[in-house]
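**Student:** Contents of coords.cif (mmCIF, C-alpha atoms):
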```cif
data_target
loop_
_atom_site.label_atom_id
_atom_site.label_comp_id
_atom_site.auth_asym_id
_atom_site.auth_seq_id
_atom_site.Cartn_x
_atom_site.Cartn_y
_atom_site.Cartn_z
CA MET A 640 -207.61 -39.31 67.56
CA ARG A 641 -206.60 -41.93 64.98
CA VAL A 642 -205.35 -40.62 61.63
CA LEU A 643 -204.40 -42.43 58.42
CA LEU A 644 -201.52 -40.49 56.82
CA LEU A 645 -200.87 -41.02 53.11
CA ALA A 646 -197.24 -40.17 52.27
CA ASP A 647 -195.86 -42.03 49.29
CA ASP A 648 -192.74 -39.83 49.47
CA CYS A 649 -191.44 -40.12 53.02
CA ASN A 650 -187.74 -40.65 53.63
CA PRO A 651 -185.31 -39.29 56.26
CA ASP A 652 -182.35 -39.34 53.85
CA TRP A 653 -183.83 -37.90 50.68
CA PRO A 654 -183.78 -34.09 50.35
CA SER A 655 -186.68 -31.76 49.70
CA LEU A 656 -190.17 -33.31 49.71
CA PRO A 657 -189.36 -36.79 51.13
CA VAL A 658 -187.52 -35.53 54.21
CA VAL A 659 -190.13 -32.79 54.78
CA ALA A 660 -192.90 -35.41 54.72
CA TYR A 661 -190.91 -37.69 57.03
CA LYS A 662 -190.35 -34.99 59.67
CA PHE A 663 -193.94 -33.76 59.39
CA ALA A 664 -195.41 -37.25 59.83
CA ARG A 665 -193.09 -38.00 62.75
CA ALA A 666 -194.12 -34.78 64.49
CA ILE A 667 -197.85 -35.38 63.90
CA ALA A 668 -197.50 -38.84 65.44
CA ASN A 669 -196.55 -37.19 68.75
CA TYR A 670 -200.10 -35.83 69.05
CA VAL A 671 -202.35 -38.42 67.38
CA ASP A 672 -202.46 -42.17 66.87
CA ALA A 673 -201.00 -42.20 63.36
CA VAL A 674 -200.63 -44.88 60.71
CA VAL A 675 -198.32 -43.76 57.91
CA VAL A 676 -198.79 -45.39 54.51
CA THR A 677 -195.75 -45.04 52.28
CA GLN A 678 -193.95 -46.60 49.35
CA ILE A 679 -191.75 -49.67 49.79
CA ARG A 680 -188.73 -47.77 48.45
CA ASN A 681 -188.63 -45.82 51.74
CA LYS A 682 -188.50 -48.92 53.93
CA PRO A 683 -184.71 -49.32 54.46
CA ASN A 684 -184.20 -45.77 55.72
CA ILE A 685 -187.40 -45.60 57.79
CA ASP A 686 -186.69 -49.00 59.35
CA ARG A 687 -183.21 -47.76 60.27
CA ASP A 688 -184.34 -44.45 61.84
CA GLY A 689 -187.91 -45.28 62.81
CA LEU A 690 -190.84 -42.91 62.44
CA GLY A 691 -191.38 -41.89 66.03
CA ASN A 692 -194.69 -43.06 67.46
CA ALA A 693 -196.23 -43.80 64.07
CA GLU A 694 -197.12 -47.22 62.77
CA VAL A 695 -195.80 -47.64 59.23
CA VAL A 696 -197.38 -49.63 56.41
CA TYR A 697 -195.41 -50.12 53.19
CA LEU A 698 -197.01 -50.57 49.78
CA ASP A 699 -195.03 -52.05 46.90
CA THR A 700 -195.97 -50.28 43.67
CA GLU A 701 -192.50 -50.48 42.14
CA ARG A 702 -193.74 -52.58 39.24
CA VAL A 703 -195.43 -49.42 37.95
CA ALA A 704 -193.51 -46.65 39.74
CA ALA A 705 -189.95 -47.69 38.85
CA PRO A 706 -190.32 -47.73 35.05
CA LEU A 707 -192.28 -44.46 35.07
CA TYR A 708 -189.65 -42.82 37.25
CA LYS A 709 -186.93 -44.01 34.88
CA LEU A 710 -188.87 -42.77 31.85
CA GLY A 711 -189.42 -39.37 33.47
CA TRP A 712 -185.71 -39.17 34.23
CA ILE A 713 -184.82 -39.92 30.60
CA LEU A 714 -187.36 -37.53 29.08
CA SER A 715 -186.46 -34.66 31.41
CA GLY A 716 -182.72 -35.12 31.06
CA GLY A 717 -181.78 -35.98 34.65
CA LYS A 718 -182.86 -35.56 38.26
CA ASP A 719 -182.06 -31.84 38.56
CA VAL A 720 -184.10 -30.55 35.60
CA GLY A 721 -187.54 -30.97 34.05
CA MET A 722 -189.26 -31.30 37.42
CA THR A 723 -192.74 -30.55 36.01
CA LEU A 724 -192.37 -33.40 33.54
CA GLN A 725 -191.13 -35.75 36.25
CA ARG A 726 -194.14 -34.92 38.44
CA ALA A 727 -196.46 -35.51 35.50
CA MET A 728 -194.90 -38.92 34.89
CA GLY A 729 -195.57 -39.76 38.53
CA TYR A 730 -199.33 -39.26 38.18
CA PRO A 731 -200.20 -42.81 37.02
CA SER A 732 -198.01 -44.45 39.65
CA TYR A 733 -199.58 -42.31 42.37
CA LEU A 734 -203.03 -43.46 41.32
CA VAL A 735 -201.79 -47.02 41.73
CA PHE A 736 -200.43 -46.14 45.20
CA GLU A 737 -203.79 -44.78 46.35
CA GLY A 738 -205.55 -47.77 44.80
CA TYR A 739 -203.41 -50.11 46.88
CA ALA A 740 -204.00 -47.96 49.99
CA TRP A 741 -207.77 -48.00 49.42
CA ARG A 742 -207.88 -51.80 49.12
CA ARG A 743 -205.69 -52.16 52.22
CA PHE A 744 -207.71 -49.80 54.46
CA LYS A 745 -211.21 -49.68 52.96
CA GLN A 746 -212.78 -51.91 55.59
CA ASP A 747 -210.99 -50.11 58.43
CA LEU A 748 -212.32 -46.77 57.20
CA TYR A 749 -215.90 -48.04 57.01
CA ARG A 750 -215.64 -49.68 60.42
CA GLY A 751 -214.63 -46.41 62.07
CA LYS A 752 -211.08 -47.38 62.99
CA PHE A 753 -209.88 -43.95 61.87
CA ASP A 754 -211.23 -40.46 62.50
CA LEU A 755 -209.86 -38.96 59.31
CA VAL A 756 -207.50 -39.45 56.36
CA HIS A 757 -204.73 -36.95 55.65
CA ARG A 758 -202.76 -36.96 52.39
CA ILE A 759 -199.39 -35.33 53.05
CA THR A 760 -197.69 -36.19 49.75
CA PRO A 761 -197.65 -35.52 46.90
CA MET A 762 -197.75 -31.84 47.75
CA SER A 763 -198.36 -30.67 44.20
CA PRO A 764 -201.89 -29.32 43.63
CA THR A 765 -201.77 -30.94 40.18
CA GLN A 766 -201.92 -34.46 41.67
CA PRO A 767 -205.56 -35.45 42.36
CA SER A 768 -206.54 -37.96 45.04
CA PRO A 769 -209.18 -40.65 44.38
CA ILE A 770 -209.60 -41.42 48.10
CA ALA A 771 -210.98 -37.92 48.69
CA LYS A 772 -214.13 -39.08 46.91
CA LEU A 773 -214.15 -42.65 48.19
CA SER A 774 -213.46 -42.07 51.88
CA PRO A 775 -216.45 -42.39 54.26
CA ILE A 776 -214.61 -40.19 56.80
CA PRO A 777 -213.20 -36.64 56.47
CA PHE A 778 -210.28 -36.25 54.06
CA VAL A 779 -207.57 -33.59 54.60
CA LEU A 780 -205.41 -32.57 51.63
CA GLY A 781 -202.03 -30.91 51.85
CA PRO A 782 -200.07 -28.88 52.48
CA LEU A 783 -200.09 -28.16 48.76
CA ASN A 784 -197.60 -25.87 47.06
CA GLY A 785 -197.55 -24.83 43.41
CA ASN A 786 -198.82 -22.38 40.78
CA LEU A 787 -195.80 -20.06 40.73
CA PRO A 788 -195.30 -18.84 37.14
CA TRP A 789 -191.88 -18.47 35.61
CA PRO A 790 -190.84 -14.80 35.70
CA LYS A 791 -190.87 -13.44 32.18
CA GLN A 792 -187.32 -12.10 32.61
CA PHE A 793 -185.93 -15.64 32.89
CA GLN A 794 -187.14 -17.54 29.85
CA ALA A 795 -183.57 -18.65 29.14
CA GLU A 796 -183.34 -20.25 32.59
CA GLN A 797 -186.71 -21.93 32.03
CA LYS A 798 -185.35 -23.44 28.83
CA ARG A 799 -182.18 -24.62 30.57
CA GLU A 800 -184.34 -26.18 33.28
CA ARG A 801 -186.26 -28.00 30.50
CA GLU A 802 -189.50 -26.72 31.96
CA TRP A 803 -191.44 -26.54 28.70
CA LEU A 804 -194.30 -28.56 30.22
CA SER A 805 -194.97 -25.84 32.80
CA ASN A 806 -196.46 -23.79 29.94
CA PHE A 807 -199.29 -26.34 29.86
CA ARG A 808 -199.66 -26.72 33.61
CA SER A 809 -203.34 -25.75 33.72
CA ALA A 810 -204.18 -28.93 31.79
CA TYR A 811 -204.09 -30.79 35.12
CA LYS A 812 -207.59 -29.47 35.82
CA TRP A 813 -208.87 -31.94 33.23
CA LEU A 814 -207.29 -34.97 34.88
CA PRO A 815 -209.51 -37.69 36.34
CA TYR A 816 -210.37 -37.08 40.02
CA TYR A 817 -209.42 -33.38 39.89
CA ARG A 818 -212.94 -32.07 40.58
CA SER A 819 -213.80 -34.68 43.19
CA THR A 820 -210.51 -34.10 45.02
CA TYR A 821 -211.26 -30.45 45.70
CA ARG A 822 -215.00 -30.94 46.06
CA ASP A 823 -214.85 -33.78 48.58
CA SER A 824 -211.85 -32.81 50.71
CA ALA A 825 -213.03 -31.61 54.11
CA CYS A 826 -210.00 -29.32 54.48
CA ILE A 827 -207.27 -28.13 52.13
CA LEU A 828 -203.91 -26.90 53.41
CA ALA A 829 -202.23 -24.57 50.93
CA ALA A 830 -198.78 -23.03 51.28
CA PHE A 831 -198.61 -19.33 50.48
CA GLU A 832 -200.88 -17.11 48.41
CA HIS A 833 -199.54 -18.30 45.05
CA THR A 834 -201.04 -21.73 45.78
CA ILE A 835 -204.29 -20.49 47.30
CA ALA A 836 -204.93 -18.31 44.23
CA ASP A 837 -205.01 -21.41 42.02
CA LEU A 838 -207.61 -23.31 44.04
CA PRO A 839 -211.27 -23.44 42.96
CA ASP A 840 -213.33 -20.62 44.48
CA SER A 841 -215.62 -23.20 46.04
CA THR A 842 -212.78 -24.41 48.31
CA LYS A 843 -211.88 -21.11 49.95
CA SER A 844 -214.06 -21.63 53.04
CA LYS A 845 -212.27 -24.89 53.85
CA THR A 846 -208.76 -23.76 52.84
CA ILE A 847 -206.13 -22.92 55.46
CA ASN A 848 -202.89 -21.09 54.67
CA TYR A 849 -200.40 -23.62 56.02
CA PRO A 850 -196.74 -23.58 54.82
CA GLU A 851 -195.16 -26.93 54.10
CA VAL A 852 -191.67 -25.85 55.21
CA GLY A 853 -190.40 -26.57 58.69
CA ILE A 854 -187.28 -26.75 60.83
CA ASP A 855 -185.67 -29.18 63.23
CA PRO A 856 -184.30 -27.06 66.12
CA GLU A 857 -181.76 -29.78 66.89
CA LEU A 858 -180.10 -29.05 63.54
CA PHE A 859 -180.93 -25.39 63.06
CA SER A 860 -180.79 -23.04 66.04
CA CYS A 861 -179.50 -19.59 66.90
CA PRO A 862 -176.09 -19.28 68.57
CA ASN A 863 -174.93 -16.43 70.74
CA ARG A 864 -173.72 -14.45 67.79
CA HIS A 865 -170.70 -12.19 67.74
CA ILE A 866 -170.69 -10.39 64.39
CA ARG A 867 -167.17 -10.49 63.00
CA GLU A 868 -165.38 -7.75 61.12
CA GLN A 869 -164.98 -10.12 58.18
CA MET A 870 -168.44 -11.54 57.52
CA THR A 871 -169.42 -14.73 55.71
CA VAL A 872 -172.14 -14.70 53.08
CA LEU A 873 -173.72 -18.09 52.48
CA PHE A 874 -175.70 -19.64 49.62
CA VAL A 875 -177.19 -23.13 50.07
CA GLY A 876 -179.14 -24.96 47.39
CA ARG A 877 -179.00 -27.11 44.31
CA LEU A 878 -176.80 -25.50 41.67
CA VAL A 879 -179.53 -25.26 39.02
CA PRO A 880 -180.46 -22.37 36.70
CA TYR A 881 -183.51 -21.01 38.52
CA LYS A 882 -181.72 -20.66 41.85
CA LEU A 883 -179.20 -18.30 40.19
CA PRO A 884 -176.21 -18.78 42.52
CA GLU A 885 -174.17 -16.89 39.91
CA VAL A 886 -175.94 -13.67 40.97
CA VAL A 887 -174.18 -13.63 44.34
CA ILE A 888 -170.84 -14.58 42.77
CA HIS A 889 -171.14 -11.71 40.28
CA ALA A 890 -172.06 -9.39 43.15
CA PHE A 891 -168.73 -10.24 44.77
CA ALA A 892 -166.90 -9.94 41.44
CA THR A 893 -168.07 -6.35 40.98
CA SER A 894 -167.56 -5.10 44.55
CA PRO A 895 -164.18 -4.29 46.13
CA LEU A 896 -166.00 -3.95 49.45
CA LEU A 897 -167.46 -7.46 49.35
CA LYS A 898 -164.05 -8.89 48.52
CA ARG A 899 -163.04 -8.02 52.09
CA HIS A 900 -165.49 -10.73 53.15
CA GLN A 901 -166.17 -14.35 52.18
CA LEU A 902 -168.79 -16.15 50.09
CA LEU A 903 -169.50 -19.86 50.58
CA VAL A 904 -171.63 -21.64 47.96
CA VAL A 905 -172.99 -24.95 49.26
CA GLY A 906 -174.57 -27.47 46.92
CA GLU A 907 -174.09 -29.51 43.80
CA GLY A 908 -175.71 -29.54 40.38
CA PRO A 909 -175.34 -28.92 36.65
CA GLU A 910 -174.47 -25.22 37.10
CA ARG A 911 -171.24 -25.92 38.96
CA PRO A 912 -168.93 -25.79 35.88
CA ARG A 913 -170.38 -22.36 34.98
CA LEU A 914 -169.81 -21.10 38.51
CA GLU A 915 -166.24 -22.38 38.53
CA SER A 916 -165.55 -20.59 35.25
CA ILE A 917 -166.92 -17.31 36.65
CA ILE A 918 -164.72 -17.65 39.73
CA THR A 919 -161.69 -18.28 37.53
CA GLU A 920 -162.52 -15.49 35.08
CA TYR A 921 -162.77 -12.84 37.80
CA GLY A 922 -160.01 -14.21 40.03
CA LEU A 923 -162.34 -14.84 42.96
CA ALA A 924 -160.81 -18.01 44.37
CA GLU A 925 -159.56 -16.13 47.45
CA TYR A 926 -163.05 -14.84 48.31
CA VAL A 927 -165.50 -17.39 46.92
CA LYS A 928 -165.52 -21.10 47.82
CA LEU A 929 -167.65 -23.92 46.41
CA THR A 930 -168.07 -26.62 49.05
CA GLY A 931 -170.09 -29.16 47.04
CA LYS A 932 -172.87 -31.10 48.71
CA ILE A 933 -172.65 -31.48 52.49
CA SER A 934 -174.86 -33.03 55.17
CA GLN A 935 -177.74 -31.28 56.95
CA VAL A 936 -175.68 -31.29 60.15
CA GLU A 937 -172.84 -29.52 58.33
CA VAL A 938 -175.26 -27.02 56.77
CA GLY A 939 -176.55 -26.16 60.24
CA GLN A 940 -173.02 -25.66 61.49
CA LEU A 941 -172.19 -23.30 58.62
CA MET A 942 -175.40 -21.33 59.15
CA ARG A 943 -174.53 -20.78 62.79
CA GLN A 944 -171.08 -19.51 61.78
CA ALA A 945 -172.08 -17.30 58.83
CA GLU A 946 -173.88 -13.96 59.15
CA ILE A 947 -175.76 -13.36 55.88
CA PHE A 948 -177.79 -15.76 53.75
CA ALA A 949 -178.03 -14.67 50.10
CA PHE A 950 -180.68 -16.55 48.10
CA PRO A 951 -181.44 -15.15 44.63
CA SER A 952 -183.73 -17.98 43.48
CA ILE A 953 -186.40 -16.62 41.11
CA ARG A 954 -188.95 -19.46 41.27
CA GLU A 955 -188.92 -20.87 44.78
CA LEU A 956 -192.19 -22.43 45.90
CA GLY A 957 -191.41 -22.87 49.58
CA ALA A 958 -187.72 -22.27 50.36
CA GLY A 959 -187.26 -24.39 53.46
CA VAL A 960 -183.58 -23.47 53.37
CA VAL A 961 -184.52 -19.84 54.06
CA VAL A 962 -186.43 -20.88 57.19
CA GLU A 963 -183.39 -22.91 58.29
CA ALA A 964 -181.16 -19.85 57.86
CA MET A 965 -183.65 -17.74 59.82
CA ALA A 966 -183.67 -20.31 62.62
CA CYS A 967 -179.89 -19.93 62.84
CA GLY A 968 -180.22 -16.18 63.29
CA MET A 969 -178.95 -15.25 59.84
CA THR A 970 -179.98 -12.13 57.96
CA CYS A 971 -181.53 -13.30 54.70
CA ILE A 972 -181.59 -11.49 51.35
CA VAL A 973 -184.17 -12.95 48.94
CA VAL A 974 -186.03 -12.03 45.77
CA ASP A 975 -189.48 -10.56 46.36
CA TYR A 976 -191.29 -13.43 44.67
CA GLY A 977 -192.75 -16.79 45.66
CA GLY A 978 -192.13 -18.55 48.95
CA PRO A 979 -189.12 -16.49 50.13
CA ALA A 980 -191.11 -13.27 49.77
CA SER A 981 -193.70 -14.65 52.20
CA LEU A 982 -191.07 -15.75 54.71
CA ILE A 983 -189.20 -12.45 54.89
CA ASP A 984 -190.33 -8.94 55.73
CA SER A 985 -188.41 -5.72 56.35
CA ASN A 986 -188.20 -6.43 60.09
CA ARG A 987 -186.47 -9.80 59.71
CA GLY A 988 -184.55 -9.67 56.43
CA VAL A 989 -184.18 -8.00 53.06
CA LYS A 990 -186.21 -8.42 49.88
CA VAL A 991 -185.01 -7.17 46.50
CA PRO A 992 -187.42 -6.52 43.61
CA MET A 993 -187.73 -9.04 40.81
CA GLY A 994 -185.73 -7.96 37.79
CA ASN A 995 -183.56 -9.40 35.07
CA ARG A 996 -180.24 -11.02 35.85
CA ASP A 997 -178.22 -7.77 35.74
CA ALA A 998 -180.77 -5.98 37.93
CA LEU A 999 -180.60 -8.77 40.51
CA ILE A 1000 -176.80 -8.64 40.54
CA THR A 1001 -176.95 -4.91 41.21
CA SER A 1002 -179.61 -5.27 43.91
CA PHE A 1003 -177.80 -8.07 45.72
CA ARG A 1004 -174.49 -6.23 45.55
CA GLU A 1005 -176.00 -3.03 46.98
CA GLU A 1006 -177.86 -4.80 49.78
CA LEU A 1007 -174.87 -6.95 50.70
CA GLU A 1008 -172.65 -3.86 50.84
CA LYS A 1009 -175.13 -2.14 53.16
CA LEU A 1010 -175.21 -5.14 55.48
CA VAL A 1011 -171.47 -5.74 55.75
CA ASN A 1012 -171.15 -2.05 56.68
CA ASP A 1013 -173.84 -2.30 59.39
CA SER A 1014 -173.18 -5.12 61.84
CA ASN A 1015 -175.91 -3.87 64.19
CA LYS A 1016 -178.54 -4.27 61.50
CA VAL A 1017 -177.28 -7.75 60.66
CA GLU A 1018 -177.60 -8.71 64.31
CA GLN A 1019 -181.08 -7.18 64.74
CA LEU A 1020 -182.54 -8.71 61.58
CA GLY A 1021 -181.05 -12.09 62.48
CA LYS A 1022 -182.58 -12.08 65.96
CA ALA A 1023 -186.01 -11.17 64.58
CA ALA A 1024 -185.72 -13.91 61.96
CA TYR A 1025 -184.88 -16.46 64.62
CA LEU A 1026 -187.86 -15.53 66.78
CA HIS A 1027 -190.25 -15.72 63.82
CA ALA A 1028 -188.90 -19.11 62.72
CA MET A 1029 -189.25 -20.57 66.20
CA GLU A 1030 -192.79 -19.22 66.62
CA TYR A 1031 -194.17 -20.76 63.45
CA TYR A 1032 -191.89 -23.28 61.76
CA SER A 1033 -190.54 -25.84 64.21
CA TRP A 1034 -192.01 -29.26 63.44
CA ASP A 1035 -193.47 -29.52 66.93
CA VAL A 1036 -195.29 -26.18 66.60
CA LYS A 1037 -196.59 -27.22 63.19
CA ALA A 1038 -197.83 -30.54 64.58
CA GLN A 1039 -199.72 -28.73 67.34
CA LYS A 1040 -201.31 -26.49 64.70
CA MET A 1041 -202.19 -29.64 62.76
CA LEU A 1042 -203.97 -31.08 65.77
CA GLU A 1043 -206.13 -27.95 65.92
CA ILE A 1044 -207.04 -28.50 62.28
CA TYR A 1045 -207.87 -32.16 62.87
CA ASN A 1046 -210.17 -31.21 65.75
CA TRP A 1047 -211.92 -28.66 63.56
CA VAL A 1048 -212.35 -31.14 60.70
CA ALA A 1049 -213.68 -33.76 63.13
CA ASN A 1050 -216.14 -31.23 64.60
CA ARG A 1051 -214.38 -31.21 67.96
CA GLN A 1052 -213.93 -27.44 67.87
CA ASP A 1053 -216.06 -24.74 66.25
CA ILE A 1054 -213.54 -22.04 65.30
CA LYS A 1055 -211.68 -22.54 62.04
CA PRO A 1056 -207.95 -22.63 62.86
CA ASP A 1057 -205.62 -19.90 61.66
CA PHE A 1058 -202.02 -21.05 61.28
CA TRP A 1059 -200.74 -17.49 61.71
CA ARG A 1060 -202.61 -16.79 64.94
CA SER A 1061 -199.96 -16.62 67.66
CA GLU A 1062 -200.32 -17.75 71.27
CA LYS A 1063 -200.53 -14.08 72.25
CA ASP A 1064 -203.46 -13.64 69.89
CA MET A 1065 -205.18 -16.69 71.36
CA THR A 1066 -205.11 -15.24 74.88
CA THR A 1067 -207.07 -12.20 73.72
CA ILE A 1068 -209.95 -14.20 72.19
#
```
Please express what this file holds, its structure, as structure tokens.
**Tutor:**
Amino acid sequence: MRVLLLADDCNPDWPSLPVVAYKFARAIANYVDAVVVTQIRNKPNIDRDGLGNAEVVYLDTERVAAPLYKLGWILSGGKDVGMTLQRAMGYPSYLVFEGYAWRRFKQDLYRGKFDLVHRITPMSPTQPSPIAKLSPIPFVLGPLNGNLPWPKQFQAEQKREREWLSNFRSAYKWLPYYRSTYRDSACILAAFEHTIADLPDSTKSKTINYPEVGIDPELFSCPNRHIREQMTVLFVGRLVPYKLPEVVIHAFATSPLLKRHQLLVVGEGPERPRLESIITEYGLAEYVKLTGKISQVEVGQLMRQAEIFAFPSIRELGAGVVVEAMACGMTCIVVDYGGPASLIDSNRGVKVPMGNRDALITSFREELEKLVNDSNKVEQLGKAAYLHAMEYYSWDVKAQKMLEIYNWVANRQDIKPDFWRSEKDMTTI
């Protein structure tokens, strides 16, 4: 099968969406004859590392994309805030990207040189795709992830994130190509129920629940764990308001029991000065360490050494970092909202109810205290988390699931694929 993959964001060195798209495209190319179309800005890093078996075509739209990116940066106040505004500013440049891709591959599509087109990025459901309407062959969209409202308890954090535009998010449904994108896509991949709920009702029969997060077992894997008497609690993520790393620090500050253990906070961002002041105010330097930003390899090493992953983010769409922690056999504590709530259940981690900041501090403190007093539970939950992560989230497993979807879209199999159907389930059909 020959597939044209559209991935304007696709970069092995850039965190979040670009590296997810890169690893996803590379894995897909192990199972199909793939041509990846991406932006010229990704060329140096992809040329250095390669993209597996995929052929790569670069499109130079920087004449439009660069000034819009710079304007979005200025209007939002920097790279770590105002993400909704920055995505909105990328809409015109993405239309240019697809226009270039259409002109480059139009004749190939009409001549049958590809079996289908798959747009991997952008993953936001607010970004329409003109090629969905234009393509003479089946068009696959996604995985998409979005439509997670700000919790009403955290309006102050929303303001600090400069996310005022998210209040007008539904306006995207009036953008050009919105209706044709969802009408003409042969299949829509949507991550988690919060995204599926936002899709037009007419798309439900062709929508597949397919998470965008994934793991590289070479970086994130489960060691033979020996739970130590002094445990390590780990937070990994950008230090931004909505991820609320301060919740875990305050949990340590108010618990003599937790101070017998260690908290490592990994990441960088605008919240770091606030976190440093909290550590100083409560005299936590002996128990709480800020590492700054470290490499993915180093993150994997820390996850294999630590026992508990505490992640109090209150508006997390996907939470790939939670899957990475699960793959390393960690017991995860997350807020029961958004992507993390879908990744964790009571058999493989701990979920705390959404509440205001003080309620979350109390919940995290209580759950952390229970865990550090019960090493057997930490070990059992970590093993279950590891098994779940390996069954569904390794890039190779996800690529095999993607091949099933391609075959269904191309009418090579009759049964609509179910991402969550396990191999055991398949043997009973």
**Student:** Can you work out the spacing between CA of Leu690 (chain A) and CA of Gln1052 (chain A) in Å, to one decimal?
**Tutor:**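 Between CA of Leu690 (chain A) and CA of Gln1052 (chain A) the gap is 28.3 Å.
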**Student:** With all atoms listed in the file as the atoms that count, which of A:Asp975, A:Asp855, A:Asp997, A:Asp672 lies nearest to Glu694 (chain A)?
**Tutor:** A:Asp672
**Student:** Sorted by chain and rising residue number, list the residues of region 778-804 of chain A at most 12 Å from region 751-769 of chain A (counting all atoms listed in the file), each with its closest atom pair and distance in Å to one decimal, as a tab-separated table.
**Tutor:**
```
residue	atom	partner	partner_atom	distance
A:Phe778	CA	A:Val756	CA	4.8
A:Val779	CA	A:His757	CA	4.5
A:Leu780	CA	A:Arg758	CA	5.2
A:Gly781	CA	A:Ile759	CA	5.3
A:Pro782	CA	A:Met762	CA	6.0
A:Leu783	CA	A:Met762	CA	4.5
A:Asn784	CA	A:Ser763	CA	5.6
A:Gly785	CA	A:Ser763	CA	5.9
A:Asn786	CA	A:Pro764	CA	8.1
A:Leu787	CA	A:Ser763	CA	11.5
```
**Student:** Rank nothing, just name the residue among A:Arg750, A:Lys772, A:Lys928, A:Arg665 nearest to Phe874 (chain A), using only C-alpha atoms.
**Tutor:**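 Closest candidate: A:Lys928.
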**Student:** Check which residues satisfy the PyMOL selection byres ((chain A and resi 774) around 10) in the file shown, then give them as number ranges by chain.
**Tutor:** A: 741, 744-745, 748-749, 755-756, 769-773, 775-778, 823-824
**Student:** Point out the residue among A:Cys967, A:Ala825, A:Val938, A:Val875 with the least atom-to-atom distance to Asn863 (chain A), counting all atoms listed in the file.
**Tutor:**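 For Asn863 (chain A), the nearest of the candidates is A:Cys967.
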**Student:** Find the residue from A:Glu1005, A:Cys649, A:Thr919, A:Val905 that sits nearest to Ala664 (chain A); use all atoms listed in the file when measuring.
**Tutor:**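 Ranked by minimum distance to Ala664 (chain A), first place goes to A:Cys649.
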**Student:** Evaluate the PyMOL selection byres ((chain A and resi 987-990) around 8) and record the selected residues as a list in words, following the chain and residue labels used in the document.
**Tutor:** Thr970, Cys971, Ile972, Val973, Val974, Asp975, Ala980, Ile983, Asp984, Ser985, Asn986, Val991, Pro992, Glu1006, Gln1019, Leu1020, Gly1021, Lys1022, Ala1023 and Ala1024 of chain A
**Student:** Counting only C-alpha atoms, which residue out of A:Ile835, A:Asp840, A:Lys662, A:Gly931 sits closest to Arg822 (chain A)?
**Tutor:** A:Asp840
**Student:** For CA of Ala890 (chain A) and CA of Leu929 (chain A), determine how far apart the two atoms are, in Å to one decimal place.
**Tutor:**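 Interatomic distance, CA of Ala890 (chain A) to CA of Leu929 (chain A): 15.5 Å.
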**Student:** Between CA of Leu814 (chain A) and CA of Glu955 (chain A), what is the distance, to one decimal in Å?
**Tutor:**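 It comes out at 25.2 Å.
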**Student:** Between A:Lys709, A:Lys812, A:Lys898, A:His889, which has the minimum distance to Leu914 (chain A) (counting only C-alpha atoms)?
**Tutor:**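 Counting only C-alpha atoms, the residue closest to Leu914 (chain A) is A:His889.
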**Student:** Would you save region 986-1013 of chain A to a file, keeping C-alpha atoms, as a tab-separated table (two decimals), in the first residue's frame?
**Tutor:**
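As a result, out01.tsv now contains:
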```tsv
chain	number	residue	atom	x	y	z
A	986	ASN	CA	-5.99	-1.00	38.43
A	987	ARG	CA	-2.97	0.82	37.01
A	988	GLY	CA	-2.74	4.14	38.85
A	989	VAL	CA	-4.57	6.73	40.91
A	990	LYS	CA	-6.99	9.44	39.83
A	991	VAL	CA	-7.96	12.34	42.09
A	992	PRO	CA	-11.16	14.35	41.55
A	993	MET	CA	-11.01	17.74	39.89
A	994	GLY	CA	-11.15	20.51	42.47
A	995	ASN	CA	-9.68	23.90	43.17
A	996	ARG	CA	-6.00	24.33	43.90
A	997	ASP	CA	-6.29	23.67	47.66
A	998	ALA	CA	-8.42	20.58	47.06
A	999	LEU	CA	-5.85	19.19	44.62
A	1000	ILE	CA	-3.04	19.80	47.10
A	1001	THR	CA	-4.96	17.87	49.74
A	1002	SER	CA	-5.83	15.03	47.35
A	1003	PHE	CA	-2.28	14.65	46.06
A	1004	ARG	CA	-0.84	14.77	49.57
A	1005	GLU	CA	-3.24	12.08	50.82
A	1006	GLU	CA	-2.69	9.78	47.85
A	1007	LEU	CA	1.08	10.20	47.94
A	1008	GLU	CA	1.11	9.40	51.66
A	1009	LYS	CA	-0.89	6.23	51.03
A	1010	LEU	CA	1.51	5.11	48.32
A	1011	VAL	CA	4.77	5.74	50.17
A	1012	ASN	CA	3.32	3.66	53.02
A	1013	ASP	CA	2.37	0.77	50.71
```
